[in-house]
file my_file.txt (compact mmCIF, C-alpha atoms and all ligand atoms)
# COMPACT_ATOMS: atom_id res chain seq x y z
CA MET A 1 0.00 0.00 0.00
CA LYS A 2 1.23 3.49 -0.84
CA THR A 3 2.23 5.86 1.96
CA LYS A 4 -0.59 8.31 2.54
CA VAL A 5 0.63 11.91 2.76
CA TYR A 6 -1.50 14.85 3.80
CA LEU A 7 -0.75 18.54 3.30
CA SER A 8 -3.10 21.35 4.24
CA MET A 9 -2.99 24.81 2.68
CA SER A 10 -4.97 27.97 2.02
CA ALA A 11 -3.60 28.27 -1.53
CA ASP A 12 -5.12 31.71 -1.87
CA VAL A 13 -2.34 33.50 -3.72
CA LEU A 14 -0.13 30.78 -5.14
CA HIS A 15 3.65 31.29 -5.05
CA PRO A 16 6.79 29.15 -5.53
CA GLY A 17 6.69 28.14 -1.85
CA HIS A 18 3.45 26.22 -2.46
CA ILE A 19 4.89 24.37 -5.46
CA ARG A 20 8.03 23.53 -3.53
CA ILE A 21 6.21 22.00 -0.56
CA ILE A 22 3.83 20.10 -2.86
CA ASN A 23 6.88 18.62 -4.65
CA GLN A 24 8.51 17.76 -1.32
CA ALA A 25 5.33 16.13 -0.01
CA ALA A 26 4.63 14.20 -3.22
CA LYS A 27 8.05 12.54 -2.98
CA LEU A 28 7.00 10.98 0.34
CA GLY A 29 3.97 9.10 -1.02
CA GLU A 30 0.48 9.58 -2.43
CA LEU A 31 -0.42 13.20 -1.72
CA THR A 32 -3.80 14.48 -0.60
CA VAL A 33 -4.02 18.25 -0.30
CA GLY A 34 -6.57 19.59 2.14
CA VAL A 35 -7.56 22.99 0.80
CA LEU A 36 -8.90 25.11 3.64
CA SER A 37 -12.51 26.24 3.42
CA ASP A 38 -13.23 29.97 3.02
CA GLU A 39 -14.45 29.98 6.59
CA ALA A 40 -11.30 28.34 7.94
CA ILE A 41 -9.06 30.88 6.19
CA THR A 42 -11.19 33.75 7.39
CA SER A 43 -10.92 32.44 10.93
CA PHE A 44 -7.13 32.85 11.19
CA LYS A 45 -5.86 34.99 8.36
CA ARG A 46 -7.91 37.28 6.20
CA TYR A 47 -10.82 36.87 3.84
CA PRO A 48 -9.61 34.81 0.84
CA ILE A 49 -9.27 36.53 -2.52
CA LEU A 50 -10.22 33.34 -4.39
CA ARG A 51 -13.22 31.20 -3.36
CA TYR A 52 -12.73 27.58 -2.25
CA GLU A 53 -13.84 26.12 -5.60
CA GLN A 54 -11.30 28.22 -7.47
CA ARG A 55 -8.47 27.37 -5.07
CA ALA A 56 -9.32 23.67 -5.11
CA ALA A 57 -9.40 23.58 -8.92
CA ILE A 58 -5.94 25.19 -9.12
CA ILE A 59 -4.38 22.76 -6.63
CA GLU A 60 -6.01 19.76 -8.29
CA SER A 61 -4.24 20.54 -11.54
CA ILE A 62 -0.76 20.63 -10.00
CA LYS A 63 1.60 17.73 -10.75
CA GLY A 64 2.09 15.44 -7.77
CA VAL A 65 -1.34 16.06 -6.23
CA ALA A 66 -3.30 12.79 -6.18
CA ARG A 67 -6.47 14.32 -4.75
CA VAL A 68 -7.90 17.43 -3.16
CA MET A 69 -10.32 17.55 -0.27
CA CYS A 70 -11.86 20.39 1.70
CA GLN A 71 -10.48 20.94 5.19
CA GLN A 72 -13.43 22.60 6.86
CA GLU A 73 -11.60 23.86 9.93
CA LEU A 74 -8.11 24.94 10.80
CA ASP A 75 -8.14 22.14 13.36
CA TYR A 76 -7.04 18.88 11.67
CA THR A 77 -8.77 16.46 14.06
CA ASP A 78 -11.74 15.49 11.85
CA THR A 79 -9.59 15.23 8.75
CA LEU A 80 -6.95 13.08 10.43
CA ASN A 81 -9.57 10.78 11.93
CA ALA A 82 -11.20 10.28 8.56
CA LEU A 83 -8.04 9.94 6.46
CA LYS A 84 -5.46 8.48 8.89
CA PRO A 85 -2.49 9.66 6.78
CA ASP A 86 0.90 8.09 7.46
CA ILE A 87 2.56 11.49 7.12
CA VAL A 88 1.39 15.06 7.60
CA VAL A 89 3.56 17.66 5.89
CA HIS A 90 3.78 21.32 6.94
CA GLY A 91 6.16 24.29 6.78
CA ASP A 92 8.07 24.83 10.04
CA ASN A 93 6.53 28.28 10.54
CA TRP A 94 3.70 26.91 12.68
CA ARG A 95 6.01 25.95 15.55
CA THR A 96 5.38 29.39 17.03
CA GLY A 97 2.47 31.82 16.93
CA VAL A 98 -1.28 31.22 16.85
CA GLN A 99 -0.94 27.96 14.93
CA ALA A 100 1.36 26.32 17.51
CA PRO A 101 -1.52 24.73 19.51
CA ILE A 102 -2.96 23.34 16.28
CA ARG A 103 0.40 21.76 15.53
CA ALA A 104 0.44 20.24 19.03
CA LYS A 105 -2.95 18.61 18.40
CA VAL A 106 -1.74 17.21 15.07
CA VAL A 107 1.35 15.72 16.73
CA GLU A 108 -0.87 14.10 19.38
CA ALA A 109 -3.37 12.74 16.85
CA LEU A 110 -0.58 11.30 14.68
CA ALA A 111 1.04 9.65 17.70
CA SER A 112 -2.27 7.95 18.57
CA TYR A 113 -2.11 5.76 15.43
CA GLY A 114 1.60 5.81 14.54
CA GLY A 115 1.62 8.57 11.91
CA ARG A 116 4.37 11.18 11.74
CA LEU A 117 4.87 14.85 11.04
CA VAL A 118 7.40 16.01 8.47
CA GLU A 119 8.26 19.70 8.47
CA PHE A 120 10.14 21.58 5.78
CA PRO A 121 11.73 25.03 6.19
CA TYR A 122 9.09 27.67 5.53
CA TYR A 123 9.61 29.46 2.26
CA SER A 124 9.20 33.20 2.31
CA ASP A 125 10.96 36.15 0.75
CA ASN A 126 10.32 39.86 0.39
CA GLN A 127 8.37 39.38 -2.80
CA ILE A 128 5.97 36.98 -1.08
CA LYS A 129 5.54 39.37 1.84
CA GLN A 130 4.80 42.14 -0.65
CA LEU A 131 2.30 39.88 -2.40
CA ASP A 132 0.51 39.35 0.92
CA GLU A 133 0.52 43.10 1.60
CA HIS A 134 -0.84 43.65 -1.89
CA SER A 135 -3.63 41.11 -1.24
CA ARG A 136 -4.61 43.12 1.81
CA THR A 137 -4.72 46.30 -0.27
CA ILE A 138 -6.97 44.57 -2.82
CA LEU A 139 -9.26 43.35 -0.03
CA GLY A 140 -9.43 46.88 1.35
CA MET A 141 -10.65 48.39 -1.93
CA PRO A 142 -14.26 49.60 -1.66
CA GLU A 143 -15.65 47.17 -4.24
CA ASN A 144 -14.17 44.18 -2.36
CA ARG A 145 -14.71 45.36 1.16
CA ARG A 146 -18.33 46.48 0.81
CA GLN A 147 -19.71 43.03 -0.08
CA ARG A 148 -17.80 41.30 2.70
CA LEU A 149 -20.54 41.59 5.30
CA ARG A 150 -23.11 39.92 3.04
CA GLU A 151 -20.58 37.19 2.24
CA LEU A 152 -19.78 36.61 5.90
CA LEU A 153 -23.46 36.37 6.76
CA LYS A 154 -23.76 33.59 4.17
CA LEU A 155 -20.61 31.88 5.42
CA LYS A 156 -21.20 32.00 9.17
CA LYS A 157 -24.31 31.51 11.24
CA THR A 158 -23.30 34.30 13.61
CA ILE A 159 -20.64 36.95 13.27
CA ARG A 160 -19.02 39.03 15.99
CA VAL A 161 -18.22 42.68 15.65
CA LEU A 162 -16.24 45.03 17.91
CA GLU A 163 -16.27 48.82 18.02
CA ALA A 164 -13.43 50.82 16.47
CA HIS A 165 -13.15 54.57 16.76
CA ASN A 166 -9.81 55.35 15.08
CA GLY A 167 -6.97 53.70 13.17
CA LEU A 168 -5.42 52.14 16.26
CA THR A 169 -8.60 50.52 17.55
CA GLY A 170 -9.32 49.47 13.95
CA LEU A 171 -6.00 47.61 13.99
CA ILE A 172 -6.91 45.90 17.25
CA VAL A 173 -10.19 44.65 15.77
CA GLU A 174 -8.42 43.65 12.57
CA LYS A 175 -5.55 41.73 14.12
CA THR A 176 -6.46 40.40 17.56
CA CYS A 177 -6.91 36.65 17.67
CA VAL A 178 -6.82 33.90 20.27
CA GLU A 179 -6.73 30.13 20.02
CA ILE A 180 -9.41 28.20 21.90
CA ASP A 181 -9.64 24.40 21.61
CA GLY A 182 -7.78 24.33 18.32
CA LYS A 183 -9.85 27.11 16.78
CA ILE A 184 -8.62 30.60 16.09
CA GLN A 185 -11.12 33.21 17.24
CA GLN A 186 -11.18 36.72 15.89
CA PHE A 187 -13.60 39.54 15.14
CA ASP A 188 -15.43 39.56 11.84
CA GLY A 189 -15.97 43.28 11.47
CA MET A 190 -16.06 46.74 13.01
CA TRP A 191 -18.80 48.86 14.49
CA VAL A 192 -18.32 52.59 14.23
CA SER A 193 -20.41 53.55 17.23
CA SER A 194 -21.99 56.97 17.68
CA LEU A 195 -21.34 56.72 21.42
CA CYS A 196 -17.64 55.96 21.00
CA ASP A 197 -17.09 58.37 18.11
CA SER A 198 -18.69 61.14 20.22
CA THR A 199 -16.94 60.17 23.46
CA MET A 200 -13.62 60.08 21.62
CA LYS A 201 -14.16 63.73 20.76
CA GLY A 202 -15.31 64.66 24.26
CA LYS A 203 -18.89 65.21 23.02
CA PRO A 204 -22.26 63.74 24.11
CA ASP A 205 -23.95 61.07 21.97
CA ILE A 206 -26.71 63.32 20.57
CA GLU A 207 -25.93 63.41 16.82
CA LEU A 208 -23.72 66.41 17.53
CA VAL A 209 -20.67 64.93 15.77
CA ASP A 210 -21.65 65.58 12.17
CA ASN A 211 -21.35 63.22 9.23
CA THR A 212 -18.29 64.95 7.79
CA SER A 213 -16.45 64.09 10.98
CA ARG A 214 -17.88 60.58 11.21
CA LEU A 215 -16.91 59.83 7.61
CA ARG A 216 -13.39 61.00 8.46
CA THR A 217 -13.26 58.47 11.33
CA ILE A 218 -14.37 55.72 8.95
CA ASP A 219 -11.76 56.73 6.39
CA GLU A 220 -9.03 56.65 9.04
CA ILE A 221 -10.07 53.12 10.02
CA MET A 222 -10.36 52.03 6.40
CA GLU A 223 -6.84 53.17 5.59
CA VAL A 224 -5.31 50.53 7.86
CA THR A 225 -7.82 47.65 7.91
CA THR A 226 -9.73 45.30 5.59
CA LYS A 227 -12.63 43.94 7.64
CA PRO A 228 -16.20 45.04 6.94
CA ILE A 229 -17.51 48.16 8.63
CA ILE A 230 -20.99 48.70 10.05
CA LEU A 231 -21.83 52.32 10.77
CA ASP A 232 -24.05 53.32 13.64
CA GLY A 233 -26.04 55.89 11.67
CA ASP A 234 -28.07 57.19 14.66
CA THR A 235 -31.50 58.24 13.29
CA GLY A 236 -30.15 58.53 9.74
CA GLY A 237 -31.04 62.25 9.84
CA LYS A 238 -33.75 63.70 7.64
CA THR A 239 -35.20 61.22 5.17
CA GLU A 240 -34.09 63.42 2.26
CA HIS A 241 -30.53 63.56 3.60
CA PHE A 242 -30.37 59.85 4.41
CA ALA A 243 -30.35 58.88 0.73
CA TYR A 244 -27.20 60.96 0.20
CA LEU A 245 -25.47 59.48 3.23
CA VAL A 246 -26.18 55.95 2.01
CA LYS A 247 -24.71 56.74 -1.42
CA THR A 248 -21.55 58.14 0.14
CA LEU A 249 -21.08 55.14 2.43
CA GLU A 250 -21.64 52.72 -0.42
CA ARG A 251 -19.05 54.51 -2.54
CA MET A 252 -16.53 54.43 0.33
CA GLY A 253 -16.83 50.67 0.79
CA VAL A 254 -18.73 50.64 4.09
CA SER A 255 -20.82 47.45 4.28
CA ALA A 256 -23.87 48.55 6.25
CA ILE A 257 -25.58 51.27 8.19
CA ILE A 258 -27.91 50.72 11.13
CA ILE A 259 -30.45 53.47 11.75
CA GLU A 260 -32.75 53.70 14.74
CA ASP A 261 -36.44 54.57 14.66
CA LYS A 262 -36.20 57.78 16.64
CA ILE A 263 -36.72 61.41 15.66
CA GLY A 264 -35.87 64.76 17.22
CA LEU A 265 -32.98 65.11 19.66
CA LYS A 266 -31.56 61.60 19.88
CA LYS A 267 -30.11 60.46 23.17
CA ASN A 268 -28.22 57.24 23.79
CA SER A 269 -30.54 54.23 24.07
CA LEU A 270 -29.03 53.12 27.36
CA PHE A 271 -30.68 56.15 29.02
CA GLY A 272 -34.01 54.51 28.08
CA THR A 273 -36.97 56.39 29.51
CA ASP A 274 -34.78 58.38 31.96
CA VAL A 275 -34.60 61.07 29.27
CA GLU A 276 -37.09 62.26 26.67
CA GLN A 277 -36.81 60.36 23.40
CA THR A 278 -39.31 60.26 20.55
CA GLN A 279 -39.94 57.25 18.35
CA ASP A 280 -40.72 57.79 14.67
CA THR A 281 -44.03 56.55 13.24
CA ILE A 282 -43.89 53.21 11.45
CA GLU A 283 -44.79 54.96 8.16
CA GLY A 284 -42.15 57.66 8.64
CA PHE A 285 -39.36 55.19 9.38
CA CYS A 286 -40.40 52.81 6.59
CA GLU A 287 -40.20 55.72 4.15
CA LYS A 288 -36.65 56.46 5.34
CA ILE A 289 -35.64 52.82 4.81
CA ARG A 290 -37.20 52.81 1.33
CA ARG A 291 -35.45 56.02 0.30
CA GLY A 292 -32.12 54.69 1.52
CA LYS A 293 -32.51 51.43 -0.38
CA GLU A 294 -33.61 53.21 -3.56
CA ALA A 295 -30.47 55.35 -3.46
CA LEU A 296 -28.16 52.34 -3.75
CA THR A 297 -26.22 51.47 -6.89
CA THR A 298 -25.10 47.99 -5.84
CA GLU A 299 -26.88 45.13 -4.13
CA GLU A 300 -24.06 44.85 -1.63
CA PHE A 301 -24.58 47.64 0.87
CA MET A 302 -27.03 46.79 3.67
CA VAL A 303 -29.50 49.01 5.50
CA PHE A 304 -30.46 47.66 8.93
CA ALA A 305 -33.43 48.98 10.90
CA ARG A 306 -33.00 49.34 14.65
CA CYS A 307 -36.09 49.14 16.78
CA GLU A 308 -36.20 51.10 20.03
CA SER A 309 -39.58 49.86 21.29
CA LEU A 310 -38.11 47.80 24.14
CA ILE A 311 -35.77 50.64 25.12
CA LEU A 312 -38.72 53.03 25.24
CA GLU A 313 -40.92 50.44 27.01
CA ARG A 314 -43.54 50.28 24.28
CA GLY A 315 -43.88 46.54 24.61
CA MET A 316 -43.12 43.35 22.72
CA GLU A 317 -46.05 43.59 20.29
CA ASP A 318 -44.99 47.07 19.19
CA ALA A 319 -41.41 45.85 18.66
CA LEU A 320 -42.56 42.89 16.59
CA GLU A 321 -45.02 44.90 14.50
CA ARG A 322 -42.41 47.53 13.76
CA CYS A 323 -39.65 45.10 12.85
CA ARG A 324 -41.94 43.21 10.48
CA ALA A 325 -42.95 46.49 8.84
CA TYR A 326 -39.32 47.57 8.49
CA VAL A 327 -38.44 44.29 6.77
CA ASP A 328 -41.42 44.74 4.42
CA ALA A 329 -40.12 48.23 3.63
CA GLY A 330 -36.83 46.69 2.45
CA ALA A 331 -34.58 46.63 5.52
CA ASP A 332 -31.79 44.06 5.02
CA GLY A 333 -31.89 43.16 8.70
CA ILE A 334 -33.13 44.33 12.05
CA MET A 335 -31.43 45.32 15.27
CA ILE A 336 -33.39 44.87 18.45
CA HIS A 337 -32.09 46.69 21.50
CA SER A 338 -32.69 46.42 25.22
CA ARG A 339 -31.11 47.97 28.28
CA ARG A 340 -32.21 45.33 30.77
CA LYS A 341 -29.51 43.43 32.63
CA ASN A 342 -31.41 40.27 32.01
CA ALA A 343 -31.66 38.89 28.47
CA ASP A 344 -35.28 37.68 28.80
CA GLU A 345 -37.00 40.35 26.72
CA ILE A 346 -34.44 40.03 23.94
CA THR A 347 -34.68 36.24 23.83
CA GLN A 348 -38.49 36.44 23.83
CA PHE A 349 -38.37 38.91 20.95
CA ILE A 350 -35.98 36.74 18.96
CA ALA A 351 -38.09 33.61 19.48
CA GLU A 352 -41.29 35.37 18.38
CA PHE A 353 -39.67 37.13 15.43
CA ARG A 354 -37.94 33.94 14.26
CA ALA A 355 -41.19 31.94 14.49
CA ALA A 356 -42.39 33.70 11.34
CA ASP A 357 -39.14 34.92 9.79
CA HIS A 358 -36.23 32.49 9.55
CA LEU A 359 -34.01 34.52 7.28
CA THR A 360 -33.85 38.22 8.07
CA PRO A 361 -30.57 38.88 9.86
CA ILE A 362 -30.99 39.85 13.52
CA VAL A 363 -28.43 42.13 15.18
CA ILE A 364 -28.03 42.52 18.95
CA VAL A 365 -25.86 44.74 21.14
CA PRO A 366 -25.43 42.90 24.46
CA THR A 367 -24.00 45.76 26.51
CA THR A 368 -26.24 45.41 29.58
CA PHE A 369 -27.36 41.81 29.14
CA ASN A 370 -23.82 40.52 28.91
CA GLU A 371 -23.99 37.05 30.46
CA THR A 372 -25.23 35.03 27.52
CA ARG A 373 -22.48 33.45 25.47
CA GLU A 374 -22.20 33.78 21.70
CA GLU A 375 -23.06 30.12 21.11
CA GLU A 376 -26.42 30.53 22.85
CA TRP A 377 -27.22 33.65 20.80
CA SER A 378 -26.32 31.72 17.71
CA ASP A 379 -28.67 28.86 18.64
CA LEU A 380 -31.46 31.37 19.14
CA GLY A 381 -30.98 32.72 15.62
CA VAL A 382 -28.92 35.88 16.16
CA ASN A 383 -26.73 36.71 13.16
CA VAL A 384 -24.66 39.67 14.31
CA ILE A 385 -23.37 40.33 17.84
CA ILE A 386 -21.95 43.81 18.32
CA TYR A 387 -19.65 44.64 21.25
CA ALA A 388 -20.43 48.30 20.91
CA ASN A 389 -18.24 50.27 23.27
CA HIS A 390 -15.66 48.06 24.92
CA LEU A 391 -12.40 49.46 23.57
CA ILE A 392 -13.21 52.99 24.64
CA ARG A 393 -14.54 51.83 28.00
CA ALA A 394 -11.34 49.84 28.54
CA SER A 395 -9.01 52.67 27.54
CA PHE A 396 -10.54 55.46 29.62
CA PRO A 397 -9.83 53.98 33.10
CA ALA A 398 -6.29 53.04 32.03
CA MET A 399 -5.58 56.57 30.80
CA GLU A 400 -7.13 58.24 33.81
CA THR A 401 -5.23 56.07 36.29
CA THR A 402 -2.00 56.81 34.42
CA ALA A 403 -2.65 60.57 34.69
CA LYS A 404 -3.41 60.22 38.42
CA LEU A 405 -0.27 58.15 39.04
CA ILE A 406 1.91 60.80 37.43
CA LEU A 407 0.29 63.54 39.54
CA ALA A 408 0.45 61.56 42.75
CA ASN A 409 4.11 60.64 42.37
CA GLY A 410 5.51 63.75 40.76
CA ARG A 411 7.16 61.49 38.15
CA CYS A 412 6.14 58.89 35.62
CA LYS A 413 8.14 55.85 36.88
CA GLU A 414 5.12 54.28 38.68
CA ALA A 415 2.82 54.75 35.71
CA ASP A 416 5.49 53.39 33.37
CA GLU A 417 5.93 50.26 35.44
CA LEU A 418 2.29 49.64 36.29
CA LEU A 419 0.32 50.49 33.19
CA CYS A 420 2.31 51.61 30.20
CA MET A 421 3.70 49.52 27.38
CA GLY A 422 7.43 49.85 26.78
CA VAL A 423 8.69 52.71 24.64
CA GLU A 424 10.41 50.20 22.30
CA ASP A 425 7.08 48.41 21.90
CA VAL A 426 5.17 51.54 21.03
CA LEU A 427 7.86 52.54 18.54
CA THR A 428 7.51 49.25 16.69
CA LEU A 429 3.77 48.78 17.21
CA ILE A 430 2.98 50.19 13.80
CA PRO A 431 5.51 49.04 11.19
CA GLU A 432 6.60 51.59 8.59
C1 LIG B 501 -23.66 52.99 20.03
O1 LIG B 501 -22.70 52.22 20.18
O2 LIG B 501 -23.53 54.20 19.87
C2 LIG B 501 -25.04 52.46 20.05
C3 LIG B 501 -25.35 51.27 20.85
O3 LIG B 501 -25.89 53.06 19.43
S1 LIG B 501 -25.92 51.83 22.37
O4 LIG B 501 -24.90 52.70 22.96
O5 LIG B 501 -26.19 50.68 23.21
O6 LIG B 501 -27.15 52.60 22.16
MG MG B 502 -25.32 54.97 18.83
call {"tool": "encode", "arguments": {"input": "my_file.txt", "output": "structure tokens"}}
result
Amino acid sequence: MKTKVYLSMSADVLHPGHIRIINQAAKLGELTVGVLSDEAITSFKRYPILRYEQRAAIIESIKGVARVMCQQELDYTDTLNALKPDIVVHGDNWRTGVQAPIRAKVVEALASYGGRLVEFPYYSDNQIKQLDEHSRTILGMPENRRQRLRELLKLKKTIRVLEAHNGLTGLIVEKTCVEIDGKIQQFDGMWVSSLCDSTMKGKPDIELVDNTSRLRTIDEIMEVTTKPIILDGDTGGKTEHFAYLVKTLERMGVSAIIIEDKIGLKKNSLFGTDVEQTQDTIEGFCEKIRRGKEALTTEEFMVFARCESLILERGMEDALERCRAYVDAGADGIMIHSRRKNADEITQFIAEFRAADHLTPIVIVPTTFNETREEEWSDLGVNVIIYANHLIRASFPAMETTAKLILANGRCKEADELLCMGVEDVLTLIPE
């Protein structure tokens, strides 16, 4: 019997390194290449430029490849159990970094049935690094970036989004990842929150920061990231103006806007009924949604309708009636908000809404009801989970304590040691 060899790869932008390792692997026996699914690549790297079918077809036609199969997850366990290869081949670059735990699981699985791991020196040069940089630039172009949210919603049952309010926080959302049980976890997109964008500028969240400024924030984030952006569009402004805003966002490559069904002086939802807030009529808000949708040139940009009925204590029936009407008016999804600590009213809403509508994407912002885990939301039928304000809430106490420490000690040594990153680290944080 021939030696069974298994090699897994993304094969997104093919370069000589791929051909070299395929040749090396093929010399060891009959080679199966596991081409990673779009979802698997997205989970640890970036969104692939070529779809799975295209990547698989390319690899299939390469000399030395006996067969191609889809590796659904970055974790090899299922694949190894099914295939039981005698040898797994990989570049030696995964010995460190986020893939190291995945390597450890492969080593363990192979040992359980007597297989072995063969590693070859990882092939990379400046040209390949430039190619990867270039891929990122392509992914960041408006026409590629804009559609990404729709694609992700097709690819994943539930996506997770974190707020970004400038280039630096954009980079944190773009790059942060952790490994949990052999799976790499990262954020799928960015929320440009009105609360954070206002707070960042030392202003209240009352639609005071105008669109020129908000578009500038988005542009700053876009310059250094590739993930899809959802804009918190507050009330969307006047219906006549909303159509223009939507056109601008679509042109820029933003993926979606969420507008809330309030009129007049908007206050943050988490104030609830403690302050005066006015809800729009169903007809008025539906007209705004329609005008926004009609203004679009592509079918990629999404307009989400955010219902404030639970925030304003108008009751479940009102929330359901409104959301159904907003979907009929053309909304691409709904966001239902609550400021209760307990998730009951949100879960009740989701169950009742989903009973009649299985498809319309549901967005939630679990700021106050923060106990429920993502998996449970996913089982309930939530499609987008937005962590709406956490980076700014995390940074403020750290900055304030640093300022106090300097004042209290008459020097910065204590603050440096307790809270600040090293000067060398900040100098190299952003590569040139
Ligand atoms: C925001 O992030 O600005 C939001 C969500 O609109 S909330 O603050 O919960 O209203
Ligand atoms: Mg807001």
call {"tool": "residues_around", "arguments": {"input": "my_file.txt", "residues": "Gly381 of chain A", "least_positions_apart": "4", "cutoff": "9 Å", "atoms": "only C-alpha atoms", "output": "PyMOL selection string"}}
result
chain A and resi 157-158+350-351+354+358+361-362+376-377
call {"tool": "residues_near_ligand", "arguments": {"input": "my_file.txt", "ligand": "ligand MG 502 (chain B)", "cutoff": "12 Å", "atoms": "only C-alpha atoms and all ligand atoms", "output": "PyMOL selection string"}}
result
chain A and resi 163+191-199+204-209+230-236+257-262+266-271+306+308+335+337+365+386+388-389
call {"tool": "write_last_selection", "arguments": {"input": "my_file.txt", "atoms": "C-alpha atoms", "output": "PDB file, keeping the file's coordinate frame"}}
result
ATOM      1  CA  GLU A 163     -16.270  48.820  18.020  1.00  0.00           C
ATOM      2  CA  TRP A 191     -18.800  48.860  14.490  1.00  0.00           C
ATOM      3  CA  VAL A 192     -18.320  52.590  14.230  1.00  0.00           C
ATOM      4  CA  SER A 193     -20.410  53.550  17.230  1.00  0.00           C
ATOM      5  CA  SER A 194     -21.990  56.970  17.680  1.00  0.00           C
ATOM      6  CA  LEU A 195     -21.340  56.720  21.420  1.00  0.00           C
ATOM      7  CA  CYS A 196     -17.640  55.960  21.000  1.00  0.00           C
ATOM      8  CA  ASP A 197     -17.090  58.370  18.110  1.00  0.00           C
ATOM      9  CA  SER A 198     -18.690  61.140  20.220  1.00  0.00           C
ATOM     10  CA  THR A 199     -16.940  60.170  23.460  1.00  0.00           C
ATOM     11  CA  PRO A 204     -22.260  63.740  24.110  1.00  0.00           C
ATOM     12  CA  ASP A 205     -23.950  61.070  21.970  1.00  0.00           C
ATOM     13  CA  ILE A 206     -26.710  63.320  20.570  1.00  0.00           C
ATOM     14  CA  GLU A 207     -25.930  63.410  16.820  1.00  0.00           C
ATOM     15  CA  LEU A 208     -23.720  66.410  17.530  1.00  0.00           C
ATOM     16  CA  VAL A 209     -20.670  64.930  15.770  1.00  0.00           C
ATOM     17  CA  ILE A 230     -20.990  48.700  10.050  1.00  0.00           C
ATOM     18  CA  LEU A 231     -21.830  52.320  10.770  1.00  0.00           C
ATOM     19  CA  ASP A 232     -24.050  53.320  13.640  1.00  0.00           C
ATOM     20  CA  GLY A 233     -26.040  55.890  11.670  1.00  0.00           C
ATOM     21  CA  ASP A 234     -28.070  57.190  14.660  1.00  0.00           C
ATOM     22  CA  THR A 235     -31.500  58.240  13.290  1.00  0.00           C
ATOM     23  CA  GLY A 236     -30.150  58.530   9.740  1.00  0.00           C
ATOM     24  CA  ILE A 257     -25.580  51.270   8.190  1.00  0.00           C
ATOM     25  CA  ILE A 258     -27.910  50.720  11.130  1.00  0.00           C
ATOM     26  CA  ILE A 259     -30.450  53.470  11.750  1.00  0.00           C
ATOM     27  CA  GLU A 260     -32.750  53.700  14.740  1.00  0.00           C
ATOM     28  CA  ASP A 261     -36.440  54.570  14.660  1.00  0.00           C
ATOM     29  CA  LYS A 262     -36.200  57.780  16.640  1.00  0.00           C
ATOM     30  CA  LYS A 266     -31.560  61.600  19.880  1.00  0.00           C
ATOM     31  CA  LYS A 267     -30.110  60.460  23.170  1.00  0.00           C
ATOM     32  CA  ASN A 268     -28.220  57.240  23.790  1.00  0.00           C
ATOM     33  CA  SER A 269     -30.540  54.230  24.070  1.00  0.00           C
ATOM     34  CA  LEU A 270     -29.030  53.120  27.360  1.00  0.00           C
ATOM     35  CA  PHE A 271     -30.680  56.150  29.020  1.00  0.00           C
ATOM     36  CA  ARG A 306     -33.000  49.340  14.650  1.00  0.00           C
ATOM     37  CA  GLU A 308     -36.200  51.100  20.030  1.00  0.00           C
ATOM     38  CA  MET A 335     -31.430  45.320  15.270  1.00  0.00           C
ATOM     39  CA  HIS A 337     -32.090  46.690  21.500  1.00  0.00           C
ATOM     40  CA  VAL A 365     -25.860  44.740  21.140  1.00  0.00           C
ATOM     41  CA  ILE A 386     -21.950  43.810  18.320  1.00  0.00           C
ATOM     42  CA  ALA A 388     -20.430  48.300  20.910  1.00  0.00           C
ATOM     43  CA  ASN A 389     -18.240  50.270  23.270  1.00  0.00           C
TER      44      ASN A 389
END
call {"tool": "atom_distance", "arguments": {"input": "my_file.txt", "atom1": "atom CA of Val89 of chain A", "atom2": "atom CA of Tyr52 of chain A"}}
result
20.7 Å
call {"tool": "residues_around", "arguments": {"input": "my_file.txt", "residues": "Met1 of chain A", "least_positions_apart": "4", "cutoff": "12 Å", "atoms": "all atoms listed in the file", "output": "PyMOL selection string"}}
result
chain A and resi 29-30+86
call {"tool": "closest_residue", "arguments": {"input": "my_file.txt", "among": "A:Val35, A:Met316, A:Ile19, A:Ile218", "to": "Ile62 of chain A", "atoms": "only C-alpha atoms"}}
result
A:Ile19
call {"tool": "closest_residue", "arguments": {"input": "my_file.txt", "among": "A:Ala100, A:Val161, A:Ala319, A:Leu139", "to": "Val178 of chain A", "atoms": "all atoms listed in the file"}}
result
A:Ala100
call {"tool": "closest_residue", "arguments": {"input": "my_file.txt", "among": "A:Lys238, A:Glu400, A:Gly170, A:Leu312", "to": "ligand LIG 501 (chain B)", "atoms": "all atoms listed in the file"}}
result
A:Leu312
call {"tool": "closest_residue", "arguments": {"input": "my_file.txt", "among": "A:His90, A:Thr77, A:Ala403, A:Ile430", "to": "Ile22 of chain A", "atoms": "all atoms listed in the file"}}
result
A:His90
call {"tool": "closest_residue", "arguments": {"input": "my_file.txt", "among": "A:Glu240, A:Glu276, A:Glu317, A:Asp344", "to": "Lys288 of chain A", "atoms": "all atoms listed in the file"}}
result
A:Glu240
call {"tool": "closest_residue", "arguments": {"input": "my_file.txt", "among": "A:Gln186, A:Thr368, A:Ser395, A:Thr212", "to": "ligand LIG 501 (chain B)", "atoms": "only C-alpha atoms and all ligand atoms"}}
result
A:Thr368
call {"tool": "atom_distance", "arguments": {"input": "my_file.txt", "atom1": "atom CA of Ile346 of chain A", "atom2": "atom O2 of ligand LIG 501 (chain B)"}}
result
18.3 Å
call {"tool": "residues_around", "arguments": {"input": "my_file.txt", "residues": "Arg251 of chain A", "least_positions_apart": "2", "cutoff": "10 Å", "atoms": "all atoms listed in the file", "output": "list of chain:residue names"}}
result
A:Pro142, A:Glu143, A:Arg146, A:Leu245, A:Val246, A:Lys247, A:Thr248, A:Leu249, A:Gly253, A:Val254, A:Ser255, A:Leu296, A:Thr297, A:Thr298, A:Phe301
